[in-house]
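Undergrad: Input structure: input-v2.cif, which contains mmCIF, C-alpha atoms and all ligand atoms.
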data_work
#
loop_
_atom_site.group_PDB
_atom_site.id
_atom_site.type_symbol
_atom_site.label_atom_id
_atom_site.label_comp_id
_atom_site.auth_asym_id
_atom_site.auth_seq_id
_atom_site.Cartn_x
_atom_site.Cartn_y
_atom_site.Cartn_z
ATOM 1 C CA MET A 94 11.828 0.114 -13.374
ATOM 2 C CA MET A 95 9.299 1.602 -10.989
ATOM 3 C CA HIS A 96 10.639 4.198 -8.560
ATOM 4 C CA ILE A 97 9.004 5.030 -5.219
ATOM 5 C CA ASP A 98 10.210 7.846 -2.936
ATOM 6 C CA ILE A 99 8.878 7.986 0.613
ATOM 7 C CA LEU A 100 9.149 11.224 2.593
ATOM 8 C CA THR A 101 9.091 10.739 6.360
ATOM 9 C CA VAL A 102 10.259 12.133 9.697
ATOM 10 C CA VAL A 103 10.937 8.598 10.990
ATOM 11 C CA PRO A 104 12.959 6.856 8.245
ATOM 12 C CA GLU A 105 13.979 4.177 10.790
ATOM 13 C CA LEU A 106 10.425 2.827 10.701
ATOM 14 C CA LEU A 107 10.948 1.839 7.075
ATOM 15 C CA GLU A 108 14.282 0.063 7.471
ATOM 16 C CA GLY A 109 12.711 -3.393 7.754
ATOM 17 C CA PRO A 110 9.754 -3.771 5.406
ATOM 18 C CA PHE A 111 11.625 -3.484 2.108
ATOM 19 C CA SER A 112 14.729 -5.501 3.025
ATOM 20 C CA HIS A 113 13.238 -8.984 2.929
ATOM 21 C CA SER A 114 11.308 -11.455 0.847
ATOM 22 C CA ILE A 115 9.453 -10.315 -2.267
ATOM 23 C CA LEU A 116 10.203 -6.578 -2.085
ATOM 24 C CA LYS A 117 13.893 -7.275 -1.554
ATOM 25 C CA ARG A 118 13.881 -9.519 -4.623
ATOM 26 C CA ALA A 119 12.011 -6.878 -6.651
ATOM 27 C CA GLN A 120 14.797 -4.398 -5.889
ATOM 28 C CA GLN A 121 17.533 -6.926 -6.600
ATOM 29 C CA LYS A 122 15.928 -7.699 -9.969
ATOM 30 C CA GLU A 123 15.878 -3.910 -10.618
ATOM 31 C CA LEU A 124 12.130 -3.922 -11.124
ATOM 32 C CA LEU A 125 11.558 -1.580 -8.190
ATOM 33 C CA ASP A 126 13.634 1.142 -6.588
ATOM 34 C CA ILE A 127 12.597 2.494 -3.164
ATOM 35 C CA GLN A 128 14.177 5.541 -1.550
ATOM 36 C CA VAL A 129 13.319 6.631 1.983
ATOM 37 C CA ILE A 130 13.919 10.354 2.446
ATOM 38 C CA ASN A 131 14.260 12.107 5.788
ATOM 39 C CA LEU A 132 12.194 15.289 5.863
ATOM 40 C CA ARG A 133 14.607 16.752 8.430
ATOM 41 C CA ASP A 134 17.294 16.919 5.716
ATOM 42 C CA TYR A 135 15.253 19.645 4.038
ATOM 43 C CA THR A 136 14.280 21.890 6.915
ATOM 44 C CA PRO A 137 15.557 25.479 6.819
ATOM 45 C CA TYR A 138 14.923 25.792 10.575
ATOM 46 C CA LYS A 139 17.310 25.428 13.504
ATOM 47 C CA HIS A 140 17.609 22.103 15.355
ATOM 48 C CA LYS A 141 16.148 20.289 12.335
ATOM 49 C CA GLN A 142 12.692 21.448 13.345
ATOM 50 C CA VAL A 143 9.919 20.159 11.065
ATOM 51 C CA ASP A 144 6.769 20.589 13.175
ATOM 52 C CA ASP A 145 5.017 23.353 15.055
ATOM 53 C CA TYR A 146 1.868 24.070 17.083
ATOM 54 C CA GLN A 147 -1.373 24.288 15.172
ATOM 55 C CA TYR A 148 -3.035 27.631 14.546
ATOM 56 C CA GLY A 149 -6.240 27.955 16.497
ATOM 57 C CA GLY A 150 -4.867 25.954 19.401
ATOM 58 C CA GLY A 151 -5.381 22.349 20.366
ATOM 59 C CA ALA A 152 -3.173 19.407 21.195
ATOM 60 C CA GLY A 153 -0.738 17.954 18.706
ATOM 61 C CA MET A 154 1.938 19.271 16.406
ATOM 62 C CA VAL A 155 1.640 19.695 12.644
ATOM 63 C CA LEU A 156 4.353 19.134 10.003
ATOM 64 C CA MET A 157 5.269 22.598 8.704
ATOM 65 C CA PRO A 158 4.812 23.502 5.044
ATOM 66 C CA GLU A 159 8.297 24.903 4.388
ATOM 67 C CA PRO A 160 10.373 21.709 4.915
ATOM 68 C CA LEU A 161 7.781 19.642 3.030
ATOM 69 C CA SER A 162 7.730 22.092 0.131
ATOM 70 C CA LEU A 163 11.546 22.272 -0.041
ATOM 71 C CA ALA A 164 11.764 18.469 -0.011
ATOM 72 C CA ILE A 165 9.053 17.940 -2.628
ATOM 73 C CA GLU A 166 10.464 20.581 -4.984
ATOM 74 C CA ALA A 167 14.010 19.220 -4.643
ATOM 75 C CA LEU A 168 12.738 15.701 -5.393
ATOM 76 C CA GLN A 169 10.692 16.977 -8.341
ATOM 77 C CA LYS A 170 13.927 18.268 -9.894
ATOM 78 C CA GLU A 171 15.155 14.664 -9.968
ATOM 79 C CA ARG A 172 11.982 13.152 -11.472
ATOM 80 C CA SER A 173 8.505 14.054 -12.526
ATOM 81 C CA TYR A 174 6.084 12.067 -10.382
ATOM 82 C CA ASP A 175 3.028 10.348 -11.817
ATOM 83 C CA GLU A 176 1.369 10.723 -8.426
ATOM 84 C CA ILE A 177 2.206 12.510 -5.172
ATOM 85 C CA ILE A 178 0.362 10.481 -2.562
ATOM 86 C CA PHE A 179 -0.427 11.609 0.964
ATOM 87 C CA LEU A 180 -1.282 8.792 3.382
ATOM 88 C CA THR A 181 -4.117 9.984 5.583
ATOM 89 C CA PRO A 182 -7.141 8.514 7.376
ATOM 90 C CA ASP A 183 -9.455 10.947 5.531
ATOM 91 C CA GLY A 184 -8.168 9.780 2.121
ATOM 92 C CA GLN A 185 -9.751 7.415 -0.412
ATOM 93 C CA PRO A 186 -9.903 3.871 1.020
ATOM 94 C CA PHE A 187 -7.088 1.746 -0.436
ATOM 95 C CA LYS A 188 -8.361 -1.134 -2.568
ATOM 96 C CA GLN A 189 -6.829 -3.825 -4.757
ATOM 97 C CA SER A 190 -8.103 -1.954 -7.834
ATOM 98 C CA MET A 191 -6.074 1.076 -6.733
ATOM 99 C CA ALA A 192 -2.986 -1.105 -6.201
ATOM 100 C CA ASN A 193 -3.471 -2.452 -9.735
ATOM 101 C CA GLN A 194 -3.659 1.082 -11.185
ATOM 102 C CA LEU A 195 -0.666 2.341 -9.212
ATOM 103 C CA SER A 196 1.448 -0.681 -10.203
ATOM 104 C CA LEU A 197 1.339 0.652 -13.781
ATOM 105 C CA LYS A 198 2.935 3.984 -12.813
ATOM 106 C CA LYS A 199 6.623 4.764 -13.079
ATOM 107 C CA ASP A 200 7.421 7.343 -10.411
ATOM 108 C CA LEU A 201 5.555 7.769 -7.137
ATOM 109 C CA LEU A 202 6.156 10.005 -4.145
ATOM 110 C CA MET A 203 4.505 9.036 -0.863
ATOM 111 C CA ILE A 204 4.278 11.545 1.980
ATOM 112 C CA CYS A 205 3.929 10.232 5.520
ATOM 113 C CA GLY A 206 2.223 12.469 8.046
ATOM 114 C CA HIS A 207 3.025 12.434 11.747
ATOM 115 C CA TYR A 208 1.559 13.979 14.906
ATOM 116 C CA LYS A 209 -1.659 15.779 13.840
ATOM 117 C CA GLY A 210 -0.779 15.531 10.162
ATOM 118 C CA ILE A 211 0.652 17.957 7.608
ATOM 119 C CA ASP A 212 -0.233 21.586 6.886
ATOM 120 C CA GLU A 213 -3.339 21.639 4.682
ATOM 121 C CA ARG A 214 -1.676 23.911 2.097
ATOM 122 C CA ILE A 215 0.797 21.161 1.147
ATOM 123 C CA ARG A 216 -2.131 18.871 0.430
ATOM 124 C CA LYS A 217 -3.715 21.525 -1.801
ATOM 125 C CA LYS A 218 -0.534 22.547 -3.614
ATOM 126 C CA TYR A 219 1.337 19.321 -4.271
ATOM 127 C CA VAL A 220 -0.649 16.199 -3.412
ATOM 128 C CA THR A 221 -2.423 14.485 -6.320
ATOM 129 C CA ARG A 222 -3.940 11.583 -4.394
ATOM 130 C CA GLU A 223 -4.894 11.017 -0.753
ATOM 131 C CA ILE A 224 -5.141 7.422 0.422
ATOM 132 C CA SER A 225 -6.260 5.782 3.667
ATOM 133 C CA ILE A 226 -5.450 2.174 4.493
ATOM 134 C CA GLY A 227 -8.509 1.821 6.716
ATOM 135 C CA ASP A 228 -10.845 3.392 9.218
ATOM 136 C CA PHE A 229 -8.404 3.561 12.097
ATOM 137 C CA VAL A 230 -5.668 5.976 13.100
ATOM 138 C CA LEU A 231 -1.975 5.099 12.992
ATOM 139 C CA SER A 232 0.693 7.236 14.661
ATOM 140 C CA GLY A 233 2.341 7.964 11.342
ATOM 141 C CA GLY A 234 2.023 7.326 7.620
ATOM 142 C CA GLU A 235 5.097 5.062 7.459
ATOM 143 C CA LEU A 236 3.334 1.740 8.019
ATOM 144 C CA ALA A 237 0.592 2.834 5.626
ATOM 145 C CA ALA A 238 3.223 3.655 2.977
ATOM 146 C CA ALA A 239 4.807 0.233 3.555
ATOM 147 C CA VAL A 240 1.396 -1.381 3.006
ATOM 148 C CA LEU A 241 0.972 0.466 -0.297
ATOM 149 C CA VAL A 242 4.495 -0.355 -1.500
ATOM 150 C CA ASP A 243 3.987 -4.038 -0.688
ATOM 151 C CA ALA A 244 0.570 -4.258 -2.366
ATOM 152 C CA ILE A 245 1.808 -2.343 -5.448
ATOM 153 C CA GLY A 246 5.298 -3.872 -5.660
ATOM 154 C CA ARG A 247 4.124 -7.487 -5.853
ATOM 155 C CA LEU A 248 1.973 -6.601 -8.890
ATOM 156 C CA ILE A 249 4.873 -5.313 -11.004
ATOM 157 C CA PRO A 250 5.363 -7.855 -13.809
ATOM 158 C CA GLY A 251 8.272 -10.164 -13.029
ATOM 159 C CA VAL A 252 8.228 -9.590 -9.262
ATOM 160 C CA LEU A 253 6.277 -12.721 -8.365
ATOM 161 C CA ASN A 254 7.790 -15.942 -9.641
ATOM 162 C CA ASN A 255 4.482 -17.315 -10.783
ATOM 163 C CA GLU A 256 2.963 -14.470 -12.786
ATOM 164 C CA THR A 257 -0.557 -15.779 -12.382
ATOM 165 C CA SER A 258 -0.457 -16.016 -8.629
ATOM 166 C CA ALA A 259 -1.344 -12.350 -8.018
ATOM 167 C CA LEU A 260 -4.355 -12.786 -10.281
ATOM 168 C CA SER A 261 -5.811 -15.530 -8.112
ATOM 169 C CA ASP A 262 -5.546 -13.519 -4.891
ATOM 170 C CA SER A 263 -8.551 -12.123 -3.067
ATOM 171 C CA PHE A 264 -10.209 -9.000 -4.556
ATOM 172 C CA GLN A 265 -8.709 -9.350 -8.049
ATOM 173 C CA ASP A 266 -12.115 -10.293 -9.412
ATOM 174 C CA ASN A 267 -14.167 -8.910 -6.530
ATOM 175 C CA LEU A 268 -14.068 -12.341 -4.917
ATOM 176 C CA LEU A 269 -12.273 -13.586 -1.827
ATOM 177 C CA ALA A 270 -9.726 -16.344 -2.444
ATOM 178 C CA PRO A 271 -10.789 -19.986 -1.986
ATOM 179 C CA PRO A 272 -9.286 -22.072 0.850
ATOM 180 C CA VAL A 273 -5.845 -23.560 0.155
ATOM 181 C CA TYR A 274 -4.271 -26.786 1.435
ATOM 182 C CA THR A 275 -0.835 -28.386 1.374
ATOM 183 C CA ARG A 276 0.663 -31.668 2.617
ATOM 184 C CA PRO A 277 -0.271 -33.824 4.486
ATOM 185 C CA ALA A 278 -3.606 -34.848 2.963
ATOM 186 C CA ASP A 279 -4.759 -35.927 6.422
ATOM 187 C CA PHE A 280 -3.812 -33.592 9.287
ATOM 188 C CA LYS A 281 -5.022 -34.709 12.704
ATOM 189 C CA GLY A 282 -8.037 -36.333 11.020
ATOM 190 C CA LEU A 283 -8.836 -33.185 9.002
ATOM 191 C CA LYS A 284 -8.886 -34.168 5.325
ATOM 192 C CA VAL A 285 -8.089 -32.162 2.222
ATOM 193 C CA PRO A 286 -11.220 -32.043 -0.008
ATOM 194 C CA ASP A 287 -11.123 -35.058 -2.373
ATOM 195 C CA ILE A 288 -11.573 -32.888 -5.450
ATOM 196 C CA LEU A 289 -8.161 -31.252 -4.897
ATOM 197 C CA LEU A 290 -6.517 -34.672 -4.972
ATOM 198 C CA SER A 291 -8.385 -35.759 -8.103
ATOM 199 C CA GLY A 292 -6.032 -34.118 -10.625
ATOM 200 C CA HIS A 293 -9.119 -33.034 -12.604
ATOM 201 C CA GLU A 294 -8.171 -29.467 -13.587
ATOM 202 C CA ARG A 295 -11.572 -28.234 -14.769
ATOM 203 C CA LYS A 296 -13.416 -29.627 -11.750
ATOM 204 C CA ILE A 297 -10.790 -28.170 -9.413
ATOM 205 C CA SER A 298 -11.142 -24.725 -10.921
ATOM 206 C CA GLU A 299 -14.976 -24.979 -10.716
ATOM 207 C CA TRP A 300 -14.686 -26.022 -7.050
ATOM 208 C CA ARG A 301 -12.365 -23.111 -6.332
ATOM 209 C CA TYR A 302 -14.713 -20.663 -7.999
ATOM 210 C CA ASP A 303 -17.695 -22.030 -6.001
ATOM 211 C CA GLN A 304 -15.710 -21.786 -2.769
ATOM 212 C CA SER A 305 -14.697 -18.198 -3.592
ATOM 213 C CA LEU A 306 -18.282 -17.262 -4.257
ATOM 214 C CA LYS A 307 -19.525 -18.962 -1.086
ATOM 215 C CA ARG A 308 -16.868 -17.299 1.054
ATOM 216 C CA THR A 309 -17.537 -13.890 -0.478
ATOM 217 C CA LYS A 310 -21.308 -14.234 0.062
ATOM 218 C CA GLU A 311 -20.746 -15.228 3.684
ATOM 219 C CA ARG A 312 -18.010 -12.762 4.619
ATOM 220 C CA ARG A 313 -18.099 -9.798 2.269
ATOM 221 C CA PRO A 314 -21.395 -9.825 0.320
ATOM 222 C CA GLU A 315 -20.944 -6.156 -0.621
ATOM 223 C CA LEU A 316 -18.011 -7.137 -2.879
ATOM 224 C CA LEU A 317 -20.466 -8.908 -5.179
ATOM 225 C CA ASN A 318 -22.205 -5.602 -5.728
ATOM 226 C CA PRO A 319 -19.372 -3.070 -6.185
ATOM 227 C CA GLU A 320 -21.769 -0.174 -6.844
ATOM 228 C CA GLU A 321 -23.267 -0.605 -3.362
ATOM 229 C CA GLU A 322 -19.812 -0.780 -1.833
ATOM 230 C CA LYS A 323 -19.000 2.832 -2.834
HETATM 231 C C1 LIG B 401 -2.061 10.492 14.218
HETATM 232 S S1 LIG B 401 -2.299 10.520 12.489
HETATM 233 C C2 LIG B 401 -3.149 12.034 12.251
HETATM 234 C C3 LIG B 401 -4.590 11.838 12.180
HETATM 235 C C4 LIG B 401 -5.369 13.120 11.841
HETATM 236 N N1 LIG B 401 -5.310 14.043 12.922
HETATM 237 C C5 LIG B 401 -6.792 12.729 11.585
HETATM 238 O O1 LIG B 401 -7.549 12.562 12.529
HETATM 239 O O2 LIG B 401 -7.131 12.530 10.392
HETATM 240 C C6 LIG B 401 -0.684 10.858 11.892
HETATM 241 C C7 LIG B 401 -0.416 10.439 10.468
HETATM 242 O O3 LIG B 401 -0.522 9.033 10.357
HETATM 243 C C8 LIG B 401 -0.931 8.670 9.049
HETATM 244 N N2 LIG B 401 -2.126 7.830 9.143
HETATM 245 C C9 LIG B 401 -2.828 7.565 10.267
HETATM 246 N N3 LIG B 401 -3.846 6.738 10.016
HETATM 247 C C10 LIG B 401 -3.798 6.432 8.705
HETATM 248 C C11 LIG B 401 -4.602 5.624 7.852
HETATM 249 N N4 LIG B 401 -5.652 4.972 8.297
HETATM 250 N N5 LIG B 401 -4.253 5.541 6.552
HETATM 251 C C12 LIG B 401 -3.176 6.214 6.083
HETATM 252 N N6 LIG B 401 -2.389 7.000 6.842
HETATM 253 C C13 LIG B 401 -2.692 7.118 8.138
HETATM 254 C C14 LIG B 401 -1.177 9.969 8.289
HETATM 255 O O4 LIG B 401 -0.052 10.254 7.492
HETATM 256 C C15 LIG B 401 -1.367 10.970 9.419
HETATM 257 O O5 LIG B 401 -1.032 12.272 8.999
#
Once you've parsed the file, please lay out its structure as structure tokens.
TA:
Amino acid sequence: MMHIDILTVVPELLEGPFSHSILKRAQQKELLDIQVINLRDYTPYKHKQVDDYQYGGGAGMVLMPEPLSLAIEALQKERSYDEIIFLTPDGQPFKQSMANQLSLKKDLLMICGHYKGIDERIRKKYVTREISIGDFVLSGGELAAAVLVDAIGRLIPGVLNNETSALSDSFQDNLLAPPVYTRPADFKGLKVPDILLSGHERKISEWRYDQSLKRTKERRPELLNPEEEK
């Protein structure tokens, strides 16, 4: 079973995302275990303080090193993490290939920043991987952590009913997914492509591949040349 701990100052933000649908089923099947940990439970300071002004001045509070260090070291006594991930806009951009790699790990700790972020020394001392979910700034790392857990969790063998369905998603082979259709075959005069109704498996898979390629060339040509993308 894969185990993911998430350290946060706003555990309430993570009450919803893991309690429904595929991630709920993954936990029920005991393929995935997710624990949300409140950083305030580990602070040695009065009034459950976890943040303070930044040295050098400037707006915005910073999560203090002491509570983070106490929390991380207490959690490390319980398990030895394969990766300690800090969610941050200046991290490595999150990609499907990274989700694939992380889905093979056993124990992950994700640290969510808040306010201006976390004290740099925690990043240096404990964090093994820094990940961004995109070139924009969220108020906290919680939604980013939820994105990672969702993308990783659905790849754990046995989580999706149809094992092959994750493999045919966008990005798995550097291609975007082809268009998909369901009933009715004629919707307000818009028809499903004949080939999909033909029952001819080889031709259908060729059509899907061509559509994937076309869509990727039109929308994300850089995916076809991964070296350039970096
Ligand atoms: C307001 S942001 C801090 C941004 C930081 N001052 C900066 O400019 O890099 C607060 C927290 O949200 C999380 N966060 C914000 N944007 C993110 C992104 N694109 N990817 C991952 N985490 C993000 C991080 O944990 C960050 O510490």
Undergrad: Taking the file above as input, evaluate the PyMOL selection byres (((chain A and resi 169-178) around 12) and not hetatm) and report the hits as a ChimeraX atom specification.
TA: /A:95-100,162-168,179-181,184-185,187,194-206,215-225,234,237-238,241-242
Undergrad: Please indicate the distance in Å from atom CA of A:Lys296 to atom CA of A:Tyr274, rounded to one decimal place.
TA: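 Taking atom CA of A:Lys296 as the start and atom CA of A:Tyr274 as the end point, the length is 16.3 Å.
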Undergrad: Residues near A:Pro250, anyone? I mean within 12 Å using only C-alpha atoms, not counting same-chain ones fewer than 2 positions away, as a list of chain:residue names.
TA: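 The neighbour list is A:Met94, A:Met95, A:Ala119, A:Lys122, A:Glu123, A:Leu124, A:Leu125, A:Asn193, A:Ser196, A:Leu197, A:Ile245, A:Gly246, A:Arg247, A:Leu248, A:Val252, A:Leu253, A:Asn254, A:Asn255, A:Glu256, A:Thr257, A:Ser258, A:Ala259, A:Leu260.
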Undergrad: Assuming the chain letters and numbering stay as they are in my file, what does the PyMOL selection byres (((chain A and resi 299-313) around 10) and not hetatm) actually select? List them as a PDB file with C-alpha atoms, in the frame of the given file.
TA:
ATOM      1  CA  SER A 263      -8.551 -12.123  -3.067  1.00  0.00           C
ATOM      2  CA  PHE A 264     -10.209  -9.000  -4.556  1.00  0.00           C
ATOM      3  CA  ASN A 267     -14.167  -8.910  -6.530  1.00  0.00           C
ATOM      4  CA  LEU A 268     -14.068 -12.341  -4.917  1.00  0.00           C
ATOM      5  CA  LEU A 269     -12.273 -13.586  -1.827  1.00  0.00           C
ATOM      6  CA  ALA A 270      -9.726 -16.344  -2.444  1.00  0.00           C
ATOM      7  CA  PRO A 271     -10.789 -19.986  -1.986  1.00  0.00           C
ATOM      8  CA  PRO A 272      -9.286 -22.072   0.850  1.00  0.00           C
ATOM      9  CA  VAL A 273      -5.845 -23.560   0.155  1.00  0.00           C
ATOM     10  CA  PRO A 286     -11.220 -32.043  -0.008  1.00  0.00           C
ATOM     11  CA  ILE A 288     -11.573 -32.888  -5.450  1.00  0.00           C
ATOM     12  CA  LEU A 289      -8.161 -31.252  -4.897  1.00  0.00           C
ATOM     13  CA  GLU A 294      -8.171 -29.467 -13.587  1.00  0.00           C
ATOM     14  CA  ARG A 295     -11.572 -28.234 -14.769  1.00  0.00           C
ATOM     15  CA  LYS A 296     -13.416 -29.627 -11.750  1.00  0.00           C
ATOM     16  CA  ILE A 297     -10.790 -28.170  -9.413  1.00  0.00           C
ATOM     17  CA  SER A 298     -11.142 -24.725 -10.921  1.00  0.00           C
ATOM     18  CA  PRO A 314     -21.395  -9.825   0.320  1.00  0.00           C
ATOM     19  CA  GLU A 315     -20.944  -6.156  -0.621  1.00  0.00           C
ATOM     20  CA  LEU A 316     -18.011  -7.137  -2.879  1.00  0.00           C
ATOM     21  CA  LEU A 317     -20.466  -8.908  -5.179  1.00  0.00           C
ATOM     22  CA  ASN A 318     -22.205  -5.602  -5.728  1.00  0.00           C
TER      23      ASN A 318
END
Undergrad: Would you please work out which residue, of A:Ser261, A:Gln120, A:Ser114, A:Thr101, is nearest to A:Val143 when using all atoms listed in the file?
TA: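 Of A:Ser261, A:Gln120, A:Ser114, A:Thr101, the one nearest A:Val143 is A:Thr101, counting all atoms listed in the file.
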Undergrad: Kindly compute an axis-aligned box around the listed atoms of stretch 296-303 of chain A, allowing 4 Å on each side, and express its centre and edge lengths in Å to one decimal as JSON.
TA:
{"center_x": -14.2, "center_y": -25.1, "center_z": -8.9, "size_x": 14.9, "size_y": 17.0, "size_z": 13.7}
Undergrad: Evaluating the PyMOL selection byres (((chain A and resi 157) around 10) and not hetatm) on the displayed file yields which residues, as JSON, numbers by chain?
TA: {"A": [136, 142, 143, 144, 145, 146, 147, 154, 155, 156, 158, 159, 160, 161, 162, 210, 211, 212, 213, 214, 215]}
Undergrad: Nearest to ligand LIG 401 (chain B) among A:Pro319, A:Pro182, A:Pro277, A:Gly251, with distances taken over only C-alpha atoms and all ligand atoms: which residue is it?
TA: A:Pro182
Undergrad: Can you list, as a PyMOL selection string, every protein, DNA or RNA residue that comes within 8 Å of stretch 102-104 of chain A when you count all atoms listed in the file, leaving out same-chain residues fewer than 2 positions away?
TA: chain A and resi 100+106-108+129-133+205+207+235
Undergrad: Can you tell me how far atom N2 of ligand LIG 401 (chain B) sits from atom CA of A:Asp228, in Å to one decimal?
TA: 9.8 Å
Undergrad: I'd like the interatomic distance between atom CA of A:Asp266 and atom CA of A:Pro186, to a tenth of an Å.
TA: 17.7 Å
Undergrad: In terms of the shortest atom-to-atom distance over all atoms listed in the file, which of A:Asp262, A:Asp287, A:Asp279, A:Asp183 is closest to ligand LIG 401 (chain B)?
TA: A:Asp183
Undergrad: Pick the closest to ligand LIG 401 (chain B) from A:Gly282, A:Gly151, A:Pro137, A:Gly292: which is it, counting all atoms listed in the file?
TA: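 Of the candidates, the smallest distance to ligand LIG 401 (chain B) is held by A:Gly151.
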